[in-house]
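Note: the block below is model_7.pdb and it holds PDB, C-alpha atoms, pLDDT in the B column.
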```
MODEL        1
ATOM      1  CA  MET A   1     198.381 111.622  58.954  1.00 54.00           C
ATOM      2  CA  ASN A   2     195.053 110.730  60.508  1.00 60.00           C
ATOM      3  CA  ARG A   3     192.375 113.320  61.060  1.00 59.00           C
ATOM      4  CA  THR A   4     189.551 112.955  63.501  1.00 60.00           C
ATOM      5  CA  GLN A   5     185.808 113.570  63.393  1.00 55.00           C
ATOM      6  CA  LEU A   6     183.735 112.554  66.393  1.00 53.00           C
ATOM      7  CA  GLU A   7     180.297 113.192  67.800  1.00 44.00           C
ATOM      8  CA  GLU A   8     179.250 113.940  71.353  1.00 40.00           C
ATOM      9  CA  LEU A   9     178.585 110.847  73.467  1.00 37.00           C
ATOM     10  CA  ASP A  10     175.148 111.454  74.935  1.00 36.00           C
ATOM     11  CA  GLN A  11     173.255 113.765  72.625  1.00 39.00           C
ATOM     12  CA  PRO A  12     169.520 113.035  72.220  1.00 34.00           C
ATOM     13  CA  VAL A  13     168.469 111.046  69.190  1.00 35.00           C
ATOM     14  CA  ALA A  14     167.424 113.644  66.636  1.00 36.00           C
ATOM     15  CA  ALA A  15     166.549 111.341  63.745  1.00 42.00           C
ATOM     16  CA  ARG A  16     166.294 107.594  63.291  1.00 44.00           C
ATOM     17  CA  PRO A  17     169.123 106.333  61.045  1.00 49.00           C
ATOM     18  CA  GLU A  18     167.691 105.263  57.710  1.00 52.00           C
ATOM     19  CA  GLY A  19     167.068 101.540  57.555  1.00 48.00           C
ATOM     20  CA  ALA A  20     167.374 101.061  61.318  1.00 48.00           C
ATOM     21  CA  VAL A  21     164.663  99.754  63.594  1.00 47.00           C
ATOM     22  CA  GLU A  22     162.965 102.198  65.934  1.00 52.00           C
ATOM     23  CA  TYR A  23     164.888 102.441  69.197  1.00 52.00           C
ATOM     24  CA  ARG A  24     163.752 104.471  72.172  1.00 50.00           C
ATOM     25  CA  SER A  25     167.118 105.877  73.229  1.00 56.00           C
ATOM     26  CA  ALA A  26     170.748 106.369  72.256  1.00 56.00           C
ATOM     27  CA  ILE A  27     171.615 103.477  74.590  1.00 61.00           C
ATOM     28  CA  GLU A  28     169.420 101.119  72.556  1.00 63.00           C
ATOM     29  CA  TYR A  29     171.014 102.366  69.336  1.00 65.00           C
ATOM     30  CA  ARG A  30     174.484 101.710  70.757  1.00 62.00           C
ATOM     31  CA  SER A  31     173.556  98.197  71.871  1.00 74.00           C
ATOM     32  CA  ALA A  32     172.501  97.339  68.298  1.00 86.00           C
ATOM     33  CA  VAL A  33     175.936  98.233  66.887  1.00 94.00           C
ATOM     34  CA  GLU A  34     178.768  95.703  66.660  1.00 95.00           C
ATOM     35  CA  TYR A  35     182.508  96.451  66.634  1.00 96.00           C
ATOM     36  CA  ARG A  36     185.208  94.354  65.004  1.00 95.00           C
ATOM     37  CA  SER A  37     188.542  94.496  63.222  1.00 95.00           C
ATOM     38  CA  VAL A  38     188.604  95.564  59.591  1.00 93.00           C
ATOM     39  CA  ILE A  39     189.444  92.833  57.084  1.00 90.00           C
ATOM     40  CA  ALA A  40     190.504  93.078  53.433  1.00 86.00           C
ATOM     41  CA  ALA A  41     187.038  91.973  52.302  1.00 89.00           C
ATOM     42  CA  ASP A  42     185.619  95.172  53.840  1.00 92.00           C
ATOM     43  CA  CYS A  43     187.233  97.460  51.263  1.00 91.00           C
ATOM     44  CA  ASP A  44     184.227  97.681  48.922  1.00 92.00           C
ATOM     45  CA  ALA A  45     181.901  98.344  51.860  1.00 94.00           C
ATOM     46  CA  MET A  46     184.411 100.866  53.214  1.00 93.00           C
ATOM     47  CA  LEU A  47     184.378 102.741  49.911  1.00 92.00           C
ATOM     48  CA  SER A  48     180.576 102.912  50.026  1.00 93.00           C
ATOM     49  CA  PHE A  49     180.725 104.145  53.623  1.00 95.00           C
ATOM     50  CA  LEU A  50     183.223 106.895  52.796  1.00 92.00           C
ATOM     51  CA  THR A  51     181.475 108.105  49.650  1.00 90.00           C
ATOM     52  CA  GLY A  52     178.209 108.254  51.599  1.00 92.00           C
ATOM     53  CA  LEU A  53     179.579 110.774  54.094  1.00 93.00           C
ATOM     54  CA  SER A  54     178.457 114.376  53.829  1.00 92.00           C
ATOM     55  CA  LEU A  55     180.919 117.000  52.632  1.00 91.00           C
ATOM     56  CA  ARG A  56     181.190 118.391  56.156  1.00 91.00           C
ATOM     57  CA  THR A  57     181.913 114.999  57.721  1.00 92.00           C
ATOM     58  CA  ARG A  58     184.530 114.239  55.071  1.00 90.00           C
ATOM     59  CA  PHE A  59     186.099 117.635  55.676  1.00 90.00           C
ATOM     60  CA  LEU A  60     186.270 117.114  59.440  1.00 90.00           C
ATOM     61  CA  ARG A  61     187.860 113.681  58.981  1.00 89.00           C
ATOM     62  CA  PHE A  62     190.209 114.266  56.042  1.00 86.00           C
ATOM     63  CA  PHE A  63     190.543 118.092  56.069  1.00 86.00           C
ATOM     64  CA  ALA A  64     189.175 117.993  52.515  1.00 82.00           C
ATOM     65  CA  PRO A  65     185.794 117.039  51.015  1.00 74.00           C
ATOM     66  CA  ALA A  66     187.476 114.870  48.359  1.00 68.00           C
ATOM     67  CA  SER A  67     185.629 111.781  47.167  1.00 67.00           C
ATOM     68  CA  PRO A  68     186.310 109.019  46.426  1.00 70.00           C
ATOM     69  CA  PRO A  69     189.355 108.393  48.628  1.00 78.00           C
ATOM     70  CA  SER A  70     192.627 107.570  46.937  1.00 81.00           C
ATOM     71  CA  PRO A  71     193.585 103.873  46.706  1.00 84.00           C
ATOM     72  CA  ALA A  72     196.336 104.457  49.273  1.00 83.00           C
ATOM     73  CA  VAL A  73     193.912 106.034  51.772  1.00 82.00           C
ATOM     74  CA  LEU A  74     191.404 103.219  51.232  1.00 86.00           C
ATOM     75  CA  ARG A  75     194.064 100.533  51.764  1.00 85.00           C
ATOM     76  CA  GLY A  76     195.140 102.222  54.982  1.00 85.00           C
ATOM     77  CA  MET A  77     191.587 102.433  56.274  1.00 88.00           C
ATOM     78  CA  CYS A  78     191.155  98.742  55.500  1.00 87.00           C
ATOM     79  CA  GLY A  79     194.108  97.957  57.744  1.00 79.00           C
ATOM     80  CA  GLY A  80     196.408  97.218  54.823  1.00 75.00           C
ATOM     81  CA  GLY A  81     199.537  98.650  56.436  1.00 76.00           C
ATOM     82  CA  ARG A  82     201.760  96.598  58.720  1.00 81.00           C
ATOM     83  CA  THR A  83     201.661  99.347  61.344  1.00 88.00           C
ATOM     84  CA  THR A  84     197.960 100.186  60.969  1.00 90.00           C
ATOM     85  CA  ASP A  85     195.164  98.923  63.216  1.00 94.00           C
ATOM     86  CA  ALA A  86     191.586  99.576  62.116  1.00 95.00           C
ATOM     87  CA  ILE A  87     188.117  98.709  63.401  1.00 96.00           C
ATOM     88  CA  VAL A  88     184.598  99.254  62.133  1.00 96.00           C
ATOM     89  CA  ALA A  89     181.236  99.749  63.770  1.00 97.00           C
ATOM     90  CA  THR A  90     178.465  97.904  61.931  1.00 96.00           C
ATOM     91  CA  HIS A  91     174.696  97.688  62.081  1.00 93.00           C
ATOM     92  CA  ASP A  92     173.073  94.744  60.314  1.00 91.00           C
ATOM     93  CA  GLY A  93     176.390  94.212  58.527  1.00 92.00           C
ATOM     94  CA  VAL A  94     176.595  97.789  57.209  1.00 95.00           C
ATOM     95  CA  ILE A  95     179.550  99.956  58.225  1.00 96.00           C
ATOM     96  CA  VAL A  96     178.409 102.987  60.224  1.00 96.00           C
ATOM     97  CA  GLY A  97     181.700 103.982  61.859  1.00 96.00           C
ATOM     98  CA  HIS A  98     185.440 103.548  61.486  1.00 96.00           C
ATOM     99  CA  GLY A  99     188.504 104.100  63.622  1.00 96.00           C
ATOM    100  CA  MET A 100     192.168 103.562  62.941  1.00 95.00           C
ATOM    101  CA  ALA A 101     195.578 103.951  64.521  1.00 95.00           C
ATOM    102  CA  ALA A 102     198.805 104.269  62.554  1.00 93.00           C
ATOM    103  CA  ASP A 103     201.833 103.439  64.708  1.00 94.00           C
ATOM    104  CA  SER A 104     205.330 104.859  64.381  1.00 93.00           C
ATOM    105  CA  LEU A 105     208.441 105.311  66.488  1.00 90.00           C
ATOM    106  CA  SER A 106     209.348 108.774  67.733  1.00 87.00           C
ATOM    107  CA  PRO A 107     212.992 109.941  67.653  1.00 85.00           C
ATOM    108  CA  GLU A 108     213.109 109.102  71.365  1.00 81.00           C
ATOM    109  CA  GLY A 109     212.055 105.507  70.646  1.00 84.00           C
ATOM    110  CA  CYS A 110     208.493 105.878  71.934  1.00 87.00           C
ATOM    111  CA  LEU A 111     205.682 104.081  70.128  1.00 92.00           C
ATOM    112  CA  VAL A 112     203.290 106.793  68.900  1.00 94.00           C
ATOM    113  CA  SER A 113     199.835 106.150  67.444  1.00 95.00           C
ATOM    114  CA  ASP A 114     198.120 108.594  65.080  1.00 95.00           C
ATOM    115  CA  ILE A 115     194.358 108.243  65.637  1.00 95.00           C
ATOM    116  CA  GLY A 116     191.442 108.907  63.275  1.00 93.00           C
ATOM    117  CA  VAL A 117     187.704 108.317  63.810  1.00 93.00           C
ATOM    118  CA  VAL A 118     184.648 108.942  61.627  1.00 94.00           C
ATOM    119  CA  VAL A 119     180.940 108.076  61.932  1.00 94.00           C
ATOM    120  CA  ALA A 120     178.244 108.059  59.236  1.00 95.00           C
ATOM    121  CA  ASP A 121     176.153 111.213  59.378  1.00 94.00           C
ATOM    122  CA  ARG A 122     172.865 109.616  60.353  1.00 92.00           C
ATOM    123  CA  TRP A 123     174.583 107.619  63.091  1.00 92.00           C
ATOM    124  CA  GLN A 124     176.265 110.564  64.763  1.00 90.00           C
ATOM    125  CA  ASN A 125     175.288 111.842  68.236  1.00 87.00           C
ATOM    126  CA  LEU A 126     174.685 108.294  69.486  1.00 89.00           C
ATOM    127  CA  GLY A 127     178.038 107.668  71.155  1.00 89.00           C
ATOM    128  CA  ILE A 128     179.280 105.323  68.412  1.00 92.00           C
ATOM    129  CA  GLY A 129     182.384 107.411  67.764  1.00 91.00           C
ATOM    130  CA  SER A 130     183.284 107.340  71.439  1.00 91.00           C
ATOM    131  CA  GLN A 131     182.867 103.559  71.496  1.00 93.00           C
ATOM    132  CA  VAL A 132     185.115 103.242  68.451  1.00 95.00           C
ATOM    133  CA  LEU A 133     187.699 105.523  70.041  1.00 94.00           C
ATOM    134  CA  ASP A 134     187.639 103.519  73.287  1.00 94.00           C
ATOM    135  CA  ARG A 135     188.444 100.338  71.386  1.00 96.00           C
ATOM    136  CA  VAL A 136     191.156 101.916  69.244  1.00 96.00           C
ATOM    137  CA  VAL A 137     192.842 103.334  72.354  1.00 95.00           C
ATOM    138  CA  ALA A 138     192.540 100.047  74.283  1.00 95.00           C
ATOM    139  CA  ARG A 139     194.190  98.170  71.429  1.00 95.00           C
ATOM    140  CA  ALA A 140     196.924 100.789  71.155  1.00 94.00           C
ATOM    141  CA  THR A 141     197.595 100.463  74.876  1.00 93.00           C
ATOM    142  CA  ALA A 142     197.845  96.686  74.514  1.00 93.00           C
ATOM    143  CA  ARG A 143     200.450  97.150  71.755  1.00 92.00           C
ATOM    144  CA  GLY A 144     202.576  99.250  74.115  1.00 91.00           C
ATOM    145  CA  VAL A 145     201.788 102.646  72.596  1.00 94.00           C
ATOM    146  CA  SER A 146     203.029 105.501  74.772  1.00 93.00           C
ATOM    147  CA  VAL A 147     201.526 108.501  72.984  1.00 94.00           C
ATOM    148  CA  LEU A 148     198.328 109.181  71.035  1.00 96.00           C
ATOM    149  CA  VAL A 149     198.286 111.949  68.420  1.00 96.00           C
ATOM    150  CA  MET A 150     195.100 113.414  66.931  1.00 95.00           C
ATOM    151  CA  ASP A 151     194.853 116.183  64.322  1.00 94.00           C
ATOM    152  CA  VAL A 152     191.669 118.224  64.597  1.00 94.00           C
ATOM    153  CA  LEU A 153     190.335 121.238  62.728  1.00 93.00           C
ATOM    154  CA  PRO A 154     190.079 124.323  64.998  1.00 92.00           C
ATOM    155  CA  GLU A 155     186.369 124.628  64.182  1.00 88.00           C
ATOM    156  CA  ASN A 156     185.709 121.074  65.366  1.00 90.00           C
ATOM    157  CA  LYS A 157     184.825 122.276  68.865  1.00 87.00           C
ATOM    158  CA  GLN A 158     183.046 119.049  69.799  1.00 84.00           C
ATOM    159  CA  MET A 159     186.137 116.944  69.231  1.00 87.00           C
ATOM    160  CA  LEU A 160     188.455 119.362  71.002  1.00 90.00           C
ATOM    161  CA  ALA A 161     186.077 119.502  73.979  1.00 88.00           C
ATOM    162  CA  MET A 162     185.899 115.701  74.073  1.00 87.00           C
ATOM    163  CA  ILE A 163     189.699 115.408  74.140  1.00 92.00           C
ATOM    164  CA  SER A 164     189.879 117.961  76.945  1.00 92.00           C
ATOM    165  CA  ARG A 165     187.242 116.109  78.991  1.00 91.00           C
ATOM    166  CA  ARG A 166     188.687 112.662  78.427  1.00 92.00           C
ATOM    167  CA  TRP A 167     192.366 113.581  78.774  1.00 93.00           C
ATOM    168  CA  ALA A 168     192.809 116.612  81.001  1.00 90.00           C
ATOM    169  CA  GLY A 169     196.585 116.411  80.642  1.00 89.00           C
ATOM    170  CA  ALA A 170     196.613 116.476  76.837  1.00 93.00           C
ATOM    171  CA  GLY A 171     199.042 118.833  75.134  1.00 93.00           C
ATOM    172  CA  TYR A 172     198.206 120.890  72.052  1.00 94.00           C
ATOM    173  CA  ARG A 173     200.105 122.386  69.148  1.00 93.00           C
ATOM    174  CA  PHE A 174     198.334 125.012  67.040  1.00 90.00           C
ATOM    175  CA  ALA A 175     199.742 125.319  63.526  1.00 85.00           C
ATOM    176  CA  GLY A 176     198.141 126.363  60.263  1.00 79.00           C
ATOM    177  CA  ASP A 177     194.782 124.707  59.702  1.00 84.00           C
ATOM    178  CA  ALA A 178     195.119 122.060  62.413  1.00 90.00           C
ATOM    179  CA  VAL A 179     195.299 121.527  66.141  1.00 94.00           C
ATOM    180  CA  THR A 180     197.478 118.568  67.087  1.00 95.00           C
ATOM    181  CA  ALA A 181     196.504 116.969  70.383  1.00 95.00           C
ATOM    182  CA  ARG A 182     199.018 114.690  72.115  1.00 94.00           C
ATOM    183  CA  VAL A 183     197.964 112.320  74.879  1.00 94.00           C
ATOM    184  CA  TYR A 184     200.370 110.379  77.102  1.00 91.00           C
ATOM    185  CA  LEU A 185     198.839 107.063  78.081  1.00 89.00           C
ATOM    186  CA  PRO A 186     198.950 106.141  81.772  1.00 80.00           C
ATOM    187  CA  GLY A 187     201.285 103.412  82.888  1.00 67.00           C
ATOM    188  CA  VAL A 188     203.594 103.604  79.873  1.00 61.00           C
ATOM    189  CA  PRO A 189     207.225 102.733  80.583  1.00 55.00           C
ATOM    190  CA  ARG A 190     208.611 106.090  79.445  1.00 51.00           C
ATOM    191  CA  ALA A 191     208.130 109.418  81.182  1.00 44.00           C
ATOM    192  CA  LYS A 192     206.250 112.176  79.377  1.00 55.00           C
ATOM    193  CA  GLY A 193     209.375 114.256  78.875  1.00 56.00           C
ATOM    194  CA  ALA A 194     211.145 111.360  77.150  1.00 62.00           C
ATOM    195  CA  CYS A 195     208.457 111.123  74.448  1.00 69.00           C
ATOM    196  CA  GLY A 196     208.777 114.561  72.916  1.00 60.00           C
ATOM    197  CA  GLY A 197     206.167 116.371  74.980  1.00 52.00           C
ATOM    198  CA  ALA A 198     208.171 119.396  76.040  1.00 43.00           C
ATOM    199  CA  ASP A 199     207.149 121.523  73.046  1.00 43.00           C
ATOM    200  CA  LEU A 200     203.404 121.090  73.605  1.00 42.00           C
ATOM    201  CA  ARG A 201     201.407 123.158  76.031  1.00 40.00           C
ATOM    202  CA  ALA A 202     198.559 121.868  78.144  1.00 37.00           C
ATOM    203  CA  ALA A 203     195.047 123.120  77.480  1.00 34.00           C
TER     204      ALA A 203
ENDMDL
END
```
Show me, as structure tokens, the structure contained in the file I just sent.
Amino acid sequence: MNRTQLEELDQPVAARPEGAVEYRSAIEYRSAVEYRSVIAADCDAMLSFLTGLSLRTRFLRFFAPASPPSPAVLRGMCGGGRTTDAIVATHDGVIVGHGMAADSLSPEGCLVSDIGVVVADRWQNLGIGSQVLDRVVARATARGVSVLVMDVLPENKQMLAMISRRWAGAGYRFAGDAVTARVYLPGVPRAKGACGGADLRAA
């Protein structure tokens, strides 16, 4: 199950990411970042990216500060699964963000995508996570996904607020240590009620 960590879109730049050129604004930072699909050759760089995350960022993304990731988790994040779509954000060839969607069929036959996003600590608060999320969602929509699912820690107020702002009609399930947000994509061929949304309440 994917977990999600995301930063606010338009926070001021608090510190220049190490190794980056001096930009005047978050917009200039964002324009210097490239986005592309993950390939198998990225796995070593992905491992370095993940082990470089702070304990808090790892916890928000994986619900545990464990490092290094298991081989299975790393393969999934490198897009190794047949039903997994993954992208990276890079700066000068270095991975600074990652997003993935793991697709499955619901009992009702709807295509559901479990979304996870994470951004390197020194590249947070620049809108990179939002850009990654936009691309992951656009690709899911193109695949015919009807429903997005995101698991978020209750203390991750930024992410929960972002979901509420972006998708006012999102439904939420509160259970144990996680909040599960469910988003029904516009224009999908199945009605909300046919995709298992009756047991979720709106925010």
- Task: Go through A:Thr84, A:Arg182, A:Lys157, A:Thr51 and flag the residue nearest Gly169 (chain A), using all atoms listed in the file for the distances.
- Result: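 Distance minimum relative to Gly169 (chain A) lands on A:Arg182.
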- Given the file above and the PyMOL selection byres ((chain A and resi 175) around 12), which residues are selected, and can you give them as a ChimeraX atom specification? /A:151-154,172-174,176-181,200
- Expansion of the PyMOL selection byres ((chain A and resi 98) around 8) into residues, as a VMD selection string: chain A and resid 86 to 89 95 to 97 99 to 100 117 to 119 129 132
- Task: For the structure provided, state which residues fall under the PyMOL selection byres ((chain A and resi 76) around 12), and present them as a PyMOL selection string.
- Result: chain A and resi 1-2+38-40+42-43+46-47+69-75+77-87+98-103+116
Resulting file, chosen residues, C-alpha atoms, as a short mmCIF file (atom, residue, chain, number, x, y, z; two decimals), in the frame of the given file:
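Result file is result.cif:
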```
data_model
loop_
_atom_site.label_atom_id
_atom_site.label_comp_id
_atom_site.auth_asym_id
_atom_site.auth_seq_id
_atom_site.Cartn_x
_atom_site.Cartn_y
_atom_site.Cartn_z
CA MET A 1 198.38 111.62 58.95
CA ASN A 2 195.05 110.73 60.51
CA VAL A 38 188.60 95.56 59.59
CA ILE A 39 189.44 92.83 57.08
CA ALA A 40 190.50 93.08 53.43
CA ASP A 42 185.62 95.17 53.84
CA CYS A 43 187.23 97.46 51.26
CA MET A 46 184.41 100.87 53.21
CA LEU A 47 184.38 102.74 49.91
CA PRO A 69 189.36 108.39 48.63
CA SER A 70 192.63 107.57 46.94
CA PRO A 71 193.58 103.87 46.71
CA ALA A 72 196.34 104.46 49.27
CA VAL A 73 193.91 106.03 51.77
CA LEU A 74 191.40 103.22 51.23
CA ARG A 75 194.06 100.53 51.76
CA MET A 77 191.59 102.43 56.27
CA CYS A 78 191.16 98.74 55.50
CA GLY A 79 194.11 97.96 57.74
CA GLY A 80 196.41 97.22 54.82
CA GLY A 81 199.54 98.65 56.44
CA ARG A 82 201.76 96.60 58.72
CA THR A 83 201.66 99.35 61.34
CA THR A 84 197.96 100.19 60.97
CA ASP A 85 195.16 98.92 63.22
CA ALA A 86 191.59 99.58 62.12
CA ILE A 87 188.12 98.71 63.40
CA HIS A 98 185.44 103.55 61.49
CA GLY A 99 188.50 104.10 63.62
CA MET A 100 192.17 103.56 62.94
CA ALA A 101 195.58 103.95 64.52
CA ALA A 102 198.80 104.27 62.55
CA ASP A 103 201.83 103.44 64.71
CA GLY A 116 191.44 108.91 63.28
#
```
- Query: Just how far from CA of Ile115 (chain A) is CA of Leu133 (chain A), in Å to one decimal?
  - Reply: 8.4 Å
- Message: Counting all atoms listed in the file, find residues at most 9 Å from (203.3, 103.1, 74.1) (file frame) and give them as a list in words.
- Response: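 Checked against the point, the hits come out as Cys110, Leu111, Val112, Ser113, Ala140, Thr141, Ala142, Arg143, Gly144, Val145, Ser146, Val147, Leu148, Tyr184, Leu185, Val188, Pro189 and Arg190 of chain A.
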